[in-house]
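K.L.:
One structure, as structure tokens, below. Some questions next.
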Amino acid sequence: MPAQELTHRNLAVYIHIPFCTKHCAYCDFNTYVEHWQSRIVEETVEAICNDIVQTAQALPESQRNRPLVSVFFGGGTPTFLSGSQLTRILTTLRNTFTFLPDTEISSEANPTSSDSEKFEQMREAGFNRLSIGVQAFDDRLLVALDRFHTAGEAESAMRLARSAGFTNINLDLMFGLPKQNMPLWEASLNRALELETEHLSLYALTLEAGTRFERLYAGGKLELPDEDAELAMYERSIEVLTQAGYEHYEVSNFALRGHQCRHNLVYWHNEEYLGFGAGAVSYLDGRRWKRERLPQHYIQKVRDGEDLTVESETLDFATTLGETLMLGLRLRAGISTQILQERFGIDPLTHFASEIQRLQTRGWLTSESGILRLTHQGLLLANEALCEFLPT
Ligand code: SF4
């Protein structure tokens with residue numbers, strides 16, 4: 001497997017759609033329950049379009065003319081919007097930025113807001129990748145998560161996407177769920193394989209502050225599989241999916257050949273991106289900033305032409321270097337020390353000698369033929385292992 005290319009030439013765009021029809025028990029994303037016909041939804045679409053144009057006008061030409069390697073509509077639930085609203089945002093982007101013939105254009109999709117007309121409109125507008133939030137092919141688990149779709153509806157969303165012409169589809173699945181055991185987890189994985197998805201993202205349930213799950217757990221009312229059971233599910237996924245021909249290319253992601261998610265690769269390569277929409281994050285020229293989170297405030301500020309920034313940080317050399325390693329080592333191909341040297345002008349083996357030594361002693365990292373790479377053991381403890389590279 002070739003080592004990743006840690007260039008920082010690529011530019012991506014993220015569009016945040018901050019609405020859902022219902023709130024899932026585990027979710028802490030910046031999203032609000034609305035009716036699709038609420039005025040605020042249309043106002044948000046208009047604000048995102050104006051945000052794109054206003055932001056581009058303020059960028060130096062050299063930045064504005066950089067071709068977009070990927071565009072990703074996330075949320076919330078992007079398919080909460082109508083096909084024509086999604087098309088309007090994408091058209092505004094196309095009229096404002098430079099696209100490549102093969103720019104990856106993805107949207108997250110929820111099974112309950114998926115229909116053939118919407119998917120066909122999206123394909124026509126140029127969307128070429130879908131990421132469907134399935135989470136589990138089991139109705140009891142879906143109810144426990146407060147998801148508002150059934151396993152059958154998730155399968156039907158996949159079929160509709162195929163009929164509309166999508167040939168690059170990701171399914172999100174979760175493990176470590178309440179009442180989930182190994183046979184249930186294997187059943188979900190096998191169902192995803194039967195549906196011949198091109199890509200799978202697998203997430204362990206995490207208890208985020210302020211969620212219903214966190215409150216239930218704190219009150220002793222939520223039983224979850226223990227850490228060993230959760231790790232066993234993760235390891236089983238690696239076995240099942242690699243045997244089925246999927247490349248395990250990132251800690252949580254698996255793809256058939258040629259279907260790695262280019263948008264997420266931009267993040268893992270620590271490359272640059274612009275975010276539009278309430279709460280969206282941008283990273284450009286060594287600065288990372290976040291937009292106004294509340295849709296009402298976001299809309300008003302766009303209308304008034306005000307600065308949308310609510311948080312901003314300029315990343316120093318040590319942080320950028322540490323984050324690049326931390327993100328890049330999530331990739332199973334590892335990081336080329338030579339590419340790091342070219343990008344940062346330092347020898348990572350000398351610069352991080354003690355961190356690398358510590359991780360190697362624990363058996364979590366290898367350094368061979370100019371490639372730093374997590375071992376299988378390091379992969380299982382990736383979050384803990386990778387924090388080593390962040391400045392204290
Ligand atoms: S659909 Fe997704 S974004 Fe919306 S509440 Fe559920 S997990 Fe959160």
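Residues are referred to by chain and number: the chain letter is A, B, ... according to the order shown in the structure tokens, the number counts from 1 in that chain, and ligands are numbered separately from 1 in the order shown.
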If we count only C-alpha atoms and set the cut-off at 9 Å, which residues sit around Cys49 (chain A), ignoring sequence neighbours fewer than 6 positions away in its own chain? Please answer as a list in words.
P.N.:
Arg88, Ile89, Leu90, Thr92, Leu93 and Phe276 of chain A
K.L.:
With ligand 1 as the partner and 6 Å as the cut-off, tabulate the residues of chain A that qualify, each row holding the nearest pair of atoms and their distance in Å to one decimal, using only C-alpha atoms and all ligand atoms, sorted by chain and rising number, as a Markdown table.
P.N.:
| residue | atom | partner | partner_atom_place_in_ligand_line | distance |
| --- | --- | --- | --- | --- |
| A:Cys20 | CA | ligand 1 | 4 (Fe) | 4.8 |
| A:His23 | CA | ligand 1 | 5 (S) | 4.0 |
| A:Cys24 | CA | ligand 1 | 6 (Fe) | 4.2 |
| A:Cys27 | CA | ligand 1 | 8 (Fe) | 4.5 |
| A:Phe29 | CA | ligand 1 | 8 (Fe) | 5.7 |
| A:Gly75 | CA | ligand 1 | 3 (S) | 5.4 |
| A:Gly76 | CA | ligand 1 | 3 (S) | 3.7 |
| A:Thr77 | CA | ligand 1 | 4 (Fe) | 5.7 |
K.L.:
Give me the residues near Phe389 (chain A) as JSON, numbers by chain, where near means some atom within 12 Å (using only C-alpha atoms) and where sequence neighbours in that chain fewer than 3 positions away do not count.
P.N.:
{"A": [318, 319, 320, 321, 322, 323, 324, 325, 326, 327, 328, 329, 348, 351, 352, 353, 354, 355, 356, 357, 358, 359, 382, 383, 384, 385, 386, 392]}
K.L.:
Considering only C-alpha atoms, give me a table of residues in region 98-146 of chain A that are at most 9 Å from region 199-216 of chain A, with the closest atom pair and distance in Å for each, as CSV.
P.N.:
residue,atom,partner,partner_atom,distance
A:Ser131,CA,A:His199,CA,8.6
A:Gln135,CA,A:Leu202,CA,8.4
A:Leu145,CA,A:Phe213,CA,8.6
K.L.:
Once DSSP has gone over the backbone, tell me which residues of region 153-371 of chain A are in alpha helix (DSSP H), as a PyMOL selection string.
P.N.:
chain A and resi 153-164+182-194+212-218+227-243+262-268+295-304+317-328+337-344+348-351+353-361
K.L.:
Return as a PyMOL selection string the full set of residues in region 127-346 of chain A whose backbone-based DSSP assignment is strand (DSSP E or B).
P.N.:
chain A and resi 129-135+169-175+199-204+247-250+253-255+272-276+281-284+287-291+309-314+331+335-336
K.L.:
Need to verify the contact set: region 300-303 of chain A, 9 Å, only C-alpha atoms, exclusion of same-chain residues closer than 5 positions in sequence. Can you return it as a compact mmCIF listing (two decimals) with N, CA, C and O atoms, in the first residue's frame?
P.N.:
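Done, and the output landed in result_16.txt:
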# COMPACT_ATOMS: atom_id res chain seq x y z
N ALA A 47 -29.42 31.79 2.74
CA ALA A 47 -28.25 32.31 3.47
C ALA A 47 -26.99 31.55 3.07
O ALA A 47 -25.92 32.16 2.89
N ILE A 48 -27.09 30.23 2.91
CA ILE A 48 -25.89 29.45 2.52
C ILE A 48 -25.40 29.92 1.15
O ILE A 48 -24.20 30.13 0.94
N ASN A 50 -25.83 32.84 -0.24
CA ASN A 50 -25.22 34.17 -0.13
C ASN A 50 -23.88 34.11 0.60
O ASN A 50 -22.94 34.83 0.26
N ASP A 51 -23.80 33.23 1.60
CA ASP A 51 -22.55 33.04 2.33
C ASP A 51 -21.44 32.60 1.36
O ASP A 51 -20.31 33.12 1.38
N GLN A 54 -20.50 35.64 -0.84
CA GLN A 54 -19.82 36.70 -0.08
C GLN A 54 -18.42 36.25 0.36
O GLN A 54 -17.46 37.02 0.32
N GLU A 292 -21.13 31.09 13.05
CA GLU A 292 -22.28 31.20 13.96
C GLU A 292 -23.08 29.90 13.97
O GLU A 292 -23.44 29.39 12.91
N PRO A 295 -28.98 28.76 13.52
CA PRO A 295 -29.44 29.15 12.18
C PRO A 295 -29.99 30.58 12.12
O PRO A 295 -29.68 31.33 11.20
N LEU A 308 -19.19 36.22 10.18
CA LEU A 308 -19.92 35.06 10.73
C LEU A 308 -19.12 34.30 11.77
O LEU A 308 -19.60 33.35 12.37
K.L.:
Pick out the residues sitting within 8 Å of region 102-109 of chain A, and hand them over as a VMD selection string; count only C-alpha atoms, and ignore anything fewer than 6 positions along from it in its own chain.
P.N.:
chain A and resid 68 to 75 77 to 79 126 to 133 262 to 263
K.L.:
Which residues are near Glu313 (chain A)? Cut-off 8 Å, only C-alpha atoms, ignore same chain within fewer than 5 positions. Put them as a PDB file with N, CA, C and O atoms, in the first residue's frame.
P.N.:
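New file out38.pdb:
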ATOM      1  N   ARG A 287      -5.238  29.028   9.582  1.00  0.00           N
ATOM      2  CA  ARG A 287      -6.253  29.511  10.526  1.00  0.00           C
ATOM      3  C   ARG A 287      -7.457  28.588  10.463  1.00  0.00           C
ATOM      4  O   ARG A 287      -7.835  28.129   9.384  1.00  0.00           O
ATOM      5  N   ARG A 288      -8.047  28.299  11.640  1.00  0.00           N
ATOM      6  CA  ARG A 288      -9.255  27.475  11.673  1.00  0.00           C
ATOM      7  C   ARG A 288     -10.340  28.297  12.357  1.00  0.00           C
ATOM      8  O   ARG A 288     -10.087  28.880  13.420  1.00  0.00           O
ATOM      9  N   TRP A 289     -11.505  28.394  11.753  1.00  0.00           N
ATOM     10  CA  TRP A 289     -12.550  29.195  12.356  1.00  0.00           C
ATOM     11  C   TRP A 289     -13.919  28.563  12.153  1.00  0.00           C
ATOM     12  O   TRP A 289     -14.124  27.753  11.261  1.00  0.00           O
TER      13      TRP A 289
END
K.L.:
Nearest residue to Leu256 (chain A) out of A:Asp347, A:Asp138, A:Glu34, A:Glu196, using only C-alpha atoms?
P.N.:
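Going through A:Asp347, A:Asp138, A:Glu34, A:Glu196 one by one, the smallest distance to Leu256 (chain A) is for A:Glu196.
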K.L.:
Which is closer to Leu331 (chain A) than all the others in A:Leu315, A:Leu265, A:Ala58, A:Ala278, using only C-alpha atoms?
P.N.:
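Among A:Leu315, A:Leu265, A:Ala58, A:Ala278, it is A:Leu265 that comes nearest to Leu331 (chain A).
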